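Okay, my_file_15.csv now, which holds CSV, N, CA and C atoms and all ligand atoms:
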chain,number,residue,atom,x,y,z
A,1,MET,N,-6.3,12.0,2.9
A,1,MET,CA,-5.5,11.5,4.0
A,1,MET,C,-4.8,10.2,3.6
A,2,PRO,N,-3.6,10.0,4.1
A,2,PRO,CA,-2.8,8.9,3.7
A,2,PRO,C,-3.3,7.6,4.3
A,3,SER,N,-3.2,6.5,3.6
A,3,SER,CA,-3.5,5.2,4.1
A,3,SER,C,-2.9,4.2,3.1
A,4,PHE,N,-3.2,2.9,3.3
A,4,PHE,CA,-2.7,1.9,2.4
A,4,PHE,C,-3.6,1.7,1.2
A,5,HIS,N,-4.7,2.4,1.1
A,5,HIS,CA,-5.6,2.1,0.0
A,5,HIS,C,-5.1,2.3,-1.4
A,6,LYS,N,-4.1,3.2,-1.5
A,6,LYS,CA,-3.6,3.5,-2.9
A,6,LYS,C,-2.1,3.0,-3.1
A,7,LYS,N,-1.3,3.1,-2.1
A,7,LYS,CA,0.1,2.7,-2.2
A,7,LYS,C,0.8,2.5,-0.9
A,8,ILE,N,1.9,2.0,-0.9
A,8,ILE,CA,2.8,1.8,0.3
A,8,ILE,C,4.2,2.0,-0.2
A,9,TYR,N,5.0,2.4,0.7
A,9,TYR,CA,6.4,2.6,0.3
A,9,TYR,C,7.3,1.9,1.3
A,10,ILE,N,8.3,1.2,0.8
A,10,ILE,CA,9.3,0.6,1.7
A,10,ILE,C,10.7,1.2,1.4
A,11,SER,N,11.3,1.7,2.4
A,11,SER,CA,12.6,2.4,2.1
A,11,SER,C,13.7,1.3,2.0
A,12,CYS,N,14.9,1.7,1.5
A,12,CYS,CA,15.9,0.7,1.4
A,12,CYS,C,16.4,0.1,2.7
A,13,ASP,N,16.2,0.8,3.8
A,13,ASP,CA,16.5,0.2,5.1
A,13,ASP,C,15.3,-0.5,5.8
A,14,GLY,N,14.3,-0.7,5.0
A,14,GLY,CA,13.2,-1.6,5.5
A,14,GLY,C,12.0,-0.9,6.2
A,15,LYS,N,12.0,0.5,6.2
A,15,LYS,CA,10.9,1.2,6.9
A,15,LYS,C,9.7,1.1,6.0
A,16,ILE,N,8.5,0.9,6.6
A,16,ILE,CA,7.3,0.9,5.9
A,16,ILE,C,6.6,2.3,6.1
A,17,LEU,N,6.3,2.9,5.0
A,17,LEU,CA,5.8,4.3,5.0
A,17,LEU,C,4.5,4.4,4.2
A,18,PRO,N,3.6,5.3,4.4
A,18,PRO,CA,2.4,5.5,3.6
A,18,PRO,C,2.8,5.9,2.2
A,19,CYS,N,3.8,6.7,2.0
A,19,CYS,CA,4.3,7.0,0.6
A,19,CYS,C,5.7,7.5,0.7
A,20,GLU,N,6.3,7.7,-0.5
A,20,GLU,CA,7.7,8.1,-0.5
A,20,GLU,C,8.0,9.5,-0.1
A,21,LYS,N,7.0,10.3,0.1
A,21,LYS,CA,7.2,11.7,0.4
A,21,LYS,C,7.1,12.0,1.9
A,22,VAL,N,6.7,11.0,2.7
A,22,VAL,CA,6.5,11.1,4.1
A,22,VAL,C,7.8,10.9,4.9
A,23,SER,N,8.1,11.7,5.9
A,23,SER,CA,9.3,11.6,6.7
A,23,SER,C,9.4,10.2,7.3
A,24,HIS,N,10.6,9.7,7.4
A,24,HIS,CA,10.9,8.4,7.9
A,24,HIS,C,10.5,8.3,9.4
A,25,LYS,N,10.3,9.5,10.0
A,25,LYS,CA,9.9,9.5,11.5
A,25,LYS,C,8.5,9.0,11.6
A,26,TYR,N,7.8,8.9,10.5
A,26,TYR,CA,6.4,8.4,10.6
A,26,TYR,C,6.3,7.0,10.1
A,27,ALA,N,7.4,6.2,10.2
A,27,ALA,CA,7.3,4.8,9.7
A,27,ALA,C,6.3,4.0,10.4
A,28,LEU,N,5.6,3.2,9.7
A,28,LEU,CA,4.5,2.4,10.2
A,28,LEU,C,4.9,1.0,10.7
A,29,GLY,N,6.1,0.7,10.3
A,29,GLY,CA,6.6,-0.6,10.6
A,29,GLY,C,7.9,-0.9,9.9
A,30,GLU,N,8.4,-2.1,9.9
A,30,GLU,CA,9.6,-2.4,9.2
A,30,GLU,C,9.6,-3.8,8.6
A,31,VAL,N,10.5,-3.9,7.5
A,31,VAL,CA,10.7,-5.2,6.9
A,31,VAL,C,12.1,-5.6,7.3
A,32,THR,N,12.3,-6.8,7.9
A,32,THR,CA,13.6,-7.3,8.2
A,32,THR,C,13.9,-8.5,7.3
A,33,ASP,N,15.1,-9.1,7.5
A,33,ASP,CA,15.4,-10.3,6.8
A,33,ASP,C,14.5,-11.5,7.2
A,34,LYS,N,14.0,-11.4,8.5
A,34,LYS,CA,13.2,-12.5,9.0
A,34,LYS,C,11.7,-12.3,9.0
A,35,CYS,N,11.2,-11.0,9.1
A,35,CYS,CA,9.8,-10.8,9.2
A,35,CYS,C,9.4,-9.4,8.8
A,36,VAL,N,8.1,-9.2,8.9
A,36,VAL,CA,7.5,-7.9,8.7
A,36,VAL,C,6.9,-7.5,10.0
A,37,ASN,N,7.4,-6.4,10.6
A,37,ASN,CA,6.9,-5.9,11.9
A,37,ASN,C,6.0,-4.8,11.6
A,38,ILE,N,4.7,-5.0,11.9
A,38,ILE,CA,3.7,-4.0,11.7
A,38,ILE,C,2.7,-4.2,12.8
A,39,ASN,N,2.3,-3.1,13.4
A,39,ASN,CA,1.3,-3.2,14.5
A,39,ASN,C,0.0,-2.4,14.1
A,40,PRO,N,-1.0,-3.0,13.6
A,40,PRO,CA,-2.1,-2.3,13.1
A,40,PRO,C,-2.9,-1.5,14.2
A,41,GLU,N,-2.9,-2.0,15.4
A,41,GLU,CA,-3.5,-1.3,16.5
A,41,GLU,C,-2.8,0.0,16.8
A,42,LEU,N,-1.5,0.0,16.8
A,42,LEU,CA,-0.7,1.2,17.1
A,42,LEU,C,-0.9,2.2,16.0
A,43,ILE,N,-1.0,1.7,14.7
A,43,ILE,CA,-1.2,2.6,13.6
A,43,ILE,C,-2.6,3.2,13.7
A,44,ALA,N,-3.6,2.4,14.0
A,44,ALA,CA,-5.0,2.9,14.1
A,44,ALA,C,-5.0,3.9,15.2
A,45,GLU,N,-4.4,3.7,16.3
A,45,GLU,CA,-4.4,4.6,17.5
A,45,GLU,C,-3.8,5.9,17.1
A,46,LYS,N,-2.6,5.9,16.4
A,46,LYS,CA,-1.9,7.1,16.0
A,46,LYS,C,-2.8,7.9,15.0
A,47,TYR,N,-3.3,7.2,14.0
A,47,TYR,CA,-4.1,7.9,13.0
A,47,TYR,C,-5.4,8.5,13.7
A,48,ASN,N,-6.0,7.7,14.5
A,48,ASN,CA,-7.2,8.3,15.2
A,48,ASN,C,-6.9,9.5,16.1
A,49,GLN,N,-5.7,9.4,16.7
A,49,GLN,CA,-5.3,10.6,17.5
A,49,GLN,C,-5.2,11.8,16.6
A,50,ILE,N,-4.5,11.7,15.5
A,50,ILE,CA,-4.3,12.8,14.5
A,50,ILE,C,-5.7,13.3,14.0
A,51,PHE,N,-6.6,12.4,13.6
A,51,PHE,CA,-7.9,12.8,13.1
A,51,PHE,C,-8.7,13.5,14.2
A,52,GLU,N,-8.5,13.1,15.4
A,52,GLU,CA,-9.3,13.7,16.5
A,52,GLU,C,-8.8,15.1,16.7
A,53,ILE,N,-7.4,15.3,16.7
A,53,ILE,CA,-6.9,16.6,16.9
A,53,ILE,C,-7.2,17.6,15.7
A,54,LEU,N,-7.2,17.0,14.5
A,54,LEU,CA,-7.5,17.8,13.3
A,54,LEU,C,-9.0,18.1,13.1
A,55,ASN,N,-9.8,17.2,13.7
A,55,ASN,CA,-11.3,17.3,13.4
A,55,ASN,C,-11.9,18.6,13.7
A,56,HIS,N,-11.5,19.3,14.8
A,56,HIS,CA,-12.0,20.6,15.1
A,56,HIS,C,-11.8,21.6,14.0
A,57,GLN,N,-10.5,21.6,13.5
A,57,GLN,CA,-10.2,22.5,12.4
A,57,GLN,C,-10.9,22.1,11.1
A,58,CYS,N,-10.9,20.9,10.7
A,58,CYS,CA,-11.5,20.4,9.5
A,58,CYS,C,-13.0,20.6,9.5
A,59,ASN,N,-13.7,20.5,10.6
A,59,ASN,CA,-15.1,20.7,10.6
A,59,ASN,C,-15.5,22.1,10.3
A,60,ARG,N,-14.7,23.0,10.6
A,60,ARG,CA,-15.0,24.4,10.4
A,60,ARG,C,-14.4,24.9,9.0
A,61,CYS,N,-13.7,24.0,8.3
A,61,CYS,CA,-13.0,24.4,7.1
A,61,CYS,C,-14.0,24.3,5.9
A,62,HIS,N,-14.1,25.4,5.1
A,62,HIS,CA,-15.0,25.4,4.0
A,62,HIS,C,-14.5,24.7,2.8
A,63,GLY,N,-13.2,24.2,2.9
A,63,GLY,CA,-12.6,23.5,1.7
A,63,GLY,C,-12.7,22.0,2.0
A,64,LYS,N,-13.3,21.5,3.0
A,64,LYS,CA,-13.3,20.1,3.3
A,64,LYS,C,-13.9,19.2,2.3
A,65,MET,N,-14.8,19.8,1.4
A,65,MET,CA,-15.5,18.9,0.4
A,65,MET,C,-14.5,18.5,-0.7
A,66,PHE,N,-13.5,19.3,-0.9
A,66,PHE,CA,-12.5,18.9,-1.9
A,66,PHE,C,-11.1,18.9,-1.3
A,67,CYS,N,-11.0,18.5,-0.1
A,67,CYS,CA,-9.7,18.5,0.6
A,67,CYS,C,-8.8,17.3,0.1
A,68,GLY,N,-7.6,17.6,-0.3
A,68,GLY,CA,-6.7,16.5,-0.7
A,68,GLY,C,-5.4,16.6,0.1
A,69,LYS,N,-5.5,17.3,1.2
A,69,LYS,CA,-4.3,17.6,2.1
A,69,LYS,C,-3.9,16.3,2.8
A,70,CYS,N,-2.6,16.0,2.7
A,70,CYS,CA,-2.0,14.9,3.5
A,70,CYS,C,-1.7,15.4,4.9
A,71,PHE,N,-2.2,14.8,5.9
A,71,PHE,CA,-1.9,15.3,7.2
A,71,PHE,C,-0.5,15.3,7.7
A,72,PHE,N,0.4,14.4,7.0
A,72,PHE,CA,1.8,14.4,7.4
A,72,PHE,C,2.5,15.7,6.9
A,73,PHE,N,1.8,16.5,6.1
A,73,PHE,CA,2.4,17.8,5.7
A,73,PHE,C,1.7,19.0,6.3
A,74,ILE,N,1.0,18.8,7.4
A,74,ILE,CA,0.4,19.9,8.1
A,74,ILE,C,1.4,20.3,9.2
A,75,ASP,N,1.5,21.6,9.3
A,75,ASP,CA,2.5,22.2,10.3
A,75,ASP,C,2.1,21.7,11.7
A,76,GLN,N,3.2,21.3,12.4
A,76,GLN,CA,3.1,20.9,13.8
A,76,GLN,C,2.1,19.8,14.0
A,77,ILE,N,2.1,18.8,13.1
A,77,ILE,CA,1.2,17.7,13.2
A,77,ILE,C,1.5,16.8,14.4
A,78,ASP,N,2.7,17.0,14.9
A,78,ASP,CA,3.0,16.2,16.1
A,78,ASP,C,2.6,16.9,17.4
A,79,SER,N,2.1,18.1,17.3
A,79,SER,CA,1.7,18.8,18.5
A,79,SER,C,0.2,18.7,18.7
A,80,ASN,N,-0.3,19.3,19.8
A,80,ASN,CA,-1.8,19.3,20.0
A,80,ASN,C,-2.5,20.4,19.3
A,81,HIS,N,-1.7,21.2,18.6
A,81,HIS,CA,-2.2,22.4,17.9
A,81,HIS,C,-1.7,22.5,16.5
A,82,PRO,N,-1.9,21.5,15.6
A,82,PRO,CA,-1.5,21.6,14.3
A,82,PRO,C,-2.2,22.7,13.5
A,83,LYS,N,-1.5,23.3,12.5
A,83,LYS,CA,-2.2,24.3,11.8
A,83,LYS,C,-2.1,24.0,10.3
A,84,CYS,N,-3.3,23.8,9.7
A,84,CYS,CA,-3.3,23.4,8.3
A,84,CYS,C,-3.2,24.7,7.5
A,85,ASN,N,-2.3,24.8,6.6
A,85,ASN,CA,-2.1,26.0,5.8
A,85,ASN,C,-3.1,26.0,4.6
A,86,ALA,N,-3.9,25.0,4.4
A,86,ALA,CA,-4.9,24.9,3.4
A,86,ALA,C,-6.3,25.2,3.9
A,87,TYR,N,-6.4,25.5,5.2
A,87,TYR,CA,-7.7,25.8,5.9
A,87,TYR,C,-8.3,27.0,5.2
A,88,MET,N,-9.6,26.8,4.9
A,88,MET,CA,-10.4,27.9,4.2
A,88,MET,C,-11.5,28.4,5.1
A,89,ASP,N,-11.5,29.7,5.4
A,89,ASP,CA,-12.6,30.3,6.0
A,89,ASP,C,-13.6,30.7,4.9
A,90,LEU,N,-14.7,31.2,5.2
A,90,LEU,CA,-15.7,31.5,4.2
A,90,LEU,C,-15.2,32.5,3.1
A,91,LYS,N,-14.4,33.5,3.6
A,91,LYS,CA,-13.9,34.5,2.7
A,91,LYS,C,-12.9,33.8,1.7
A,92,ASP,N,-12.0,32.9,2.2
A,92,ASP,CA,-11.1,32.2,1.3
A,92,ASP,C,-11.9,31.3,0.3
A,93,PHE,N,-12.9,30.7,0.8
A,93,PHE,CA,-13.7,29.8,0.0
A,93,PHE,C,-14.3,30.6,-1.2
A,94,TYR,N,-15.0,31.7,-0.9
A,94,TYR,CA,-15.6,32.5,-1.9
A,94,TYR,C,-14.5,33.0,-2.9
A,95,TYR,N,-13.4,33.4,-2.4
A,95,TYR,CA,-12.3,33.9,-3.3
A,95,TYR,C,-11.9,32.8,-4.2
A,96,THR,N,-11.6,31.6,-3.7
A,96,THR,CA,-11.1,30.4,-4.5
A,96,THR,C,-12.2,30.0,-5.5
A,97,PHE,N,-13.4,29.8,-5.0
A,97,PHE,CA,-14.5,29.4,-5.8
A,97,PHE,C,-14.8,30.4,-7.0
A,98,GLY,N,-14.7,31.7,-6.6
A,98,GLY,CA,-14.9,32.7,-7.6
A,98,GLY,C,-13.8,32.7,-8.7
A,99,LYS,N,-12.6,32.4,-8.2
A,99,LYS,CA,-11.5,32.3,-9.2
A,99,LYS,C,-11.6,31.1,-10.1
A,100,LEU,N,-12.1,30.0,-9.6
A,100,LEU,CA,-12.3,28.8,-10.4
A,100,LEU,C,-13.4,29.0,-11.4
A,101,LEU,N,-14.5,29.7,-11.0
A,101,LEU,CA,-15.6,30.0,-11.9
A,101,LEU,C,-15.2,30.9,-13.0
A,102,GLY,N,-14.3,31.9,-12.6
A,102,GLY,CA,-13.8,32.8,-13.6
A,102,GLY,C,-13.0,32.1,-14.7
A,103,ILE,N,-12.2,31.1,-14.3
A,103,ILE,CA,-11.4,30.4,-15.2
A,103,ILE,C,-12.3,29.6,-16.2
A,104,LEU,N,-13.4,29.0,-15.6
A,104,LEU,CA,-14.3,28.2,-16.5
A,104,LEU,C,-15.0,29.1,-17.4
A,105,GLU,N,-15.4,30.3,-16.9
A,105,GLU,CA,-16.1,31.3,-17.7
A,105,GLU,C,-15.3,31.8,-18.9
A,106,HIS,N,-14.0,32.0,-18.7
A,106,HIS,CA,-13.1,32.5,-19.7
A,106,HIS,C,-12.6,31.4,-20.6
A,107,THR,N,-12.7,30.1,-20.1
A,107,THR,CA,-12.1,29.0,-20.9
A,107,THR,C,-13.2,27.9,-21.0
A,108,PRO,N,-14.2,28.1,-21.8
A,108,PRO,CA,-15.3,27.1,-21.8
A,108,PRO,C,-14.9,25.7,-22.2
A,109,SER,N,-13.7,25.6,-22.9
A,109,SER,CA,-13.3,24.3,-23.3
A,109,SER,C,-12.9,23.4,-22.1
A,110,ILE,N,-12.4,24.0,-21.0
A,110,ILE,CA,-12.1,23.3,-19.8
A,110,ILE,C,-13.4,22.7,-19.2
A,111,TYR,N,-14.5,23.6,-19.2
A,111,TYR,CA,-15.8,23.1,-18.7
A,111,TYR,C,-16.3,22.0,-19.5
A,112,ASN,N,-16.2,22.1,-20.8
A,112,ASN,CA,-16.7,21.0,-21.7
A,112,ASN,C,-15.9,19.7,-21.5
A,113,ASN,N,-14.6,19.8,-21.2
A,113,ASN,CA,-13.8,18.6,-21.0
A,113,ASN,C,-14.2,18.0,-19.6
A,114,ILE,N,-14.5,18.8,-18.7
A,114,ILE,CA,-15.0,18.3,-17.4
A,114,ILE,C,-16.3,17.5,-17.5
A,115,LEU,N,-17.2,18.0,-18.4
A,115,LEU,CA,-18.4,17.4,-18.6
A,115,LEU,C,-18.3,16.0,-19.2
A,116,LYS,N,-17.1,15.8,-19.9
A,116,LYS,CA,-16.9,14.5,-20.6
A,116,LYS,C,-16.3,13.4,-19.6
A,117,ILE,N,-15.8,13.9,-18.5
A,117,ILE,CA,-15.2,12.9,-17.5
A,117,ILE,C,-16.3,12.0,-17.0
A,118,LYS,N,-16.0,10.7,-17.1
A,118,LYS,CA,-16.9,9.7,-16.6
A,118,LYS,C,-16.4,9.3,-15.2
A,119,LEU,N,-17.3,9.4,-14.2
A,119,LEU,CA,-17.0,9.0,-12.8
A,119,LEU,C,-17.2,7.5,-12.7
A,120,SER,N,-16.3,6.8,-12.1
A,120,SER,CA,-16.5,5.4,-11.9
A,120,SER,C,-17.0,5.1,-10.5
B,1,LIG,S1,-7.8,21.8,4.0
B,1,LIG,FE1,-6.9,21.4,6.0
B,1,LIG,S2,-8.3,22.2,7.5
B,1,LIG,FE2,-9.4,22.0,5.6
B,1,LIG,S3,-10.4,20.0,5.6
B,1,LIG,FE3,-8.4,19.7,4.6
B,1,LIG,S4,-7.0,19.2,6.2
B,1,LIG,FE4,-8.8,20.0,7.2
Is it possible to give me this structure as structure tokens?
Amino acid sequence: MPSFHKKIYISCDGKILPCEKVSHKYALGEVTDKCVNINPELIAEKYNQIFEILNHQCNRCHGKMFCGKCFFFIDQIDSNHPKCNAYMDLKDFYYTFGKLLGILEHTPSIYNNILKIKLS
């Protein structure tokens, strides 16, 4: 989910956005010649609203453990019924997990490289 913890984007006309890929209609504030206009309460309210609406779908999603979906790219995120195209029911999860295990089984070097990754 997007936030300022990794990056921030400022457009050439001064709009502050969570990243360069997000539509300008989701600007979080603006930079002018005189000041920076940003309203943290409004941003928190908007994000909480979106989390609340998505929560129902995400809680049932079997892909939530490794979800990297940005909510600004979820269909109809502005509505009360957004539909995540990455949502996984149990059947989708078994299919995806099986496919990943198959890849590791047929290419053990990938598995060995994963084992070498140090988590910080
Ligand atoms: S994939 Fe979509 S539905 Fe599943 S947890 Fe992520 S955002 Fe929610």
Set out as CSV a contact list for chain A and ligand LIG 1 (chain B) with a cut-off of 7 Å, giving each residue of chain A that qualifies its closest atom pair and distance in Å to one decimal, counting only C-alpha atoms and all ligand atoms, ordered by chain and rising residue number.
residue,atom,partner,partner_atom,distance
A:Leu54,CA,B:LIG1,FE4,6.6
A:Gln57,CA,B:LIG1,S2,5.3
A:Cys58,CA,B:LIG1,FE4,3.6
A:Asn59,CA,B:LIG1,S3,6.9
A:Cys61,CA,B:LIG1,FE2,4.6
A:His62,CA,B:LIG1,FE2,6.7
A:Gly63,CA,B:LIG1,FE2,5.3
A:Lys64,CA,B:LIG1,S3,3.7
A:Cys67,CA,B:LIG1,FE3,4.4
A:Gly68,CA,B:LIG1,FE3,6.4
A:Lys69,CA,B:LIG1,S4,5.2
A:Phe71,CA,B:LIG1,S4,6.5
A:Cys84,CA,B:LIG1,FE1,4.7
A:Asn85,CA,B:LIG1,FE1,6.7
A:Ala86,CA,B:LIG1,S1,4.3
A:Tyr87,CA,B:LIG1,S2,4.0
A:Met88,CA,B:LIG1,FE2,6.1
Would you mind listing what lies within 6 Å of Ile16 of chain A as a tab-separated table (two decimals) with N, CA and C atoms, in the frame of the given file, with all atoms listed in the file counted and same-chain residues fewer than 2 positions away left out?
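selection-v1.tsv, written as the output of this step:
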chain	number	residue	atom	x	y	z
A	9	TYR	N	5.00	2.40	0.70
A	9	TYR	CA	6.40	2.60	0.30
A	9	TYR	C	7.30	1.90	1.30
A	10	ILE	N	8.30	1.20	0.80
A	10	ILE	CA	9.30	0.60	1.70
A	10	ILE	C	10.70	1.20	1.40
A	11	SER	N	11.30	1.70	2.40
A	11	SER	CA	12.60	2.40	2.10
A	11	SER	C	13.70	1.30	2.00
A	14	GLY	N	14.30	-0.70	5.00
A	14	GLY	CA	13.20	-1.60	5.50
A	14	GLY	C	12.00	-0.90	6.20
A	18	PRO	N	3.60	5.30	4.40
A	18	PRO	CA	2.40	5.50	3.60
A	18	PRO	C	2.80	5.90	2.20
A	27	ALA	N	7.40	6.20	10.20
A	27	ALA	CA	7.30	4.80	9.70
A	27	ALA	C	6.30	4.00	10.40
A	28	LEU	N	5.60	3.20	9.70
A	28	LEU	CA	4.50	2.40	10.20
A	28	LEU	C	4.90	1.00	10.70
A	29	GLY	N	6.10	0.70	10.30
A	29	GLY	CA	6.60	-0.60	10.60
A	29	GLY	C	7.90	-0.90	9.90
A	30	GLU	N	8.40	-2.10	9.90
A	30	GLU	CA	9.60	-2.40	9.20
A	30	GLU	C	9.60	-3.80	8.60
A	31	VAL	N	10.50	-3.90	7.50
A	31	VAL	CA	10.70	-5.20	6.90
A	31	VAL	C	12.10	-5.60	7.30
Margin query: Using only N, CA and C atoms for the distances, tell me which of A:Leu115, A:Ile77, A:Tyr26, A:Met65 is nearest to Ile50 of chain A.
Written below: A:Ile77
Note to self: Please compute the atom N of Ile53 of chain A-atom C of Phe73 of chain A distance, one decimal, in Å.
What the structure shows: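 Interatomic distance, atom N of Ile53 of chain A to atom C of Phe73 of chain A: 14.3 Å.
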Next item on the list: For each of A:Asn80, A:Cys12, A:Phe93, A:Asn48, take the minimum atom-to-atom distance to Phe66 of chain A, counting only C-alpha atoms, then give the residue where this is smallest.
Entry: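 Checking each candidate against Phe66 of chain A, we get A:Phe93 as the closest.
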Next item on the list: Using DSSP on the backbone, list every residue of segment 16-90 of chain A that comes out as alpha helix (DSSP H), and give them as a PyMOL selection string.
Entry: chain A and resi 40-60+90
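With distances restricted to only C-alpha atoms, A:Leu90 is the closest residue to Arg60 of chain A from A:Ile117, A:Leu90, A:Leu100, A:Ala44.
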Next item on the list: Grab the atom CA of Cys19 of chain A to atom CA of Lys7 of chain A distance for me, in Å with one decimal place.
Entry: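 Atom CA of Cys19 of chain A sits 6.6 Å away from atom CA of Lys7 of chain A.
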Next item on the list: Record the distance separating atom CA of Leu119 of chain A and atom CA of Phe97 of chain A, expressed in Å with one decimal.
Entry: 21.7 Å
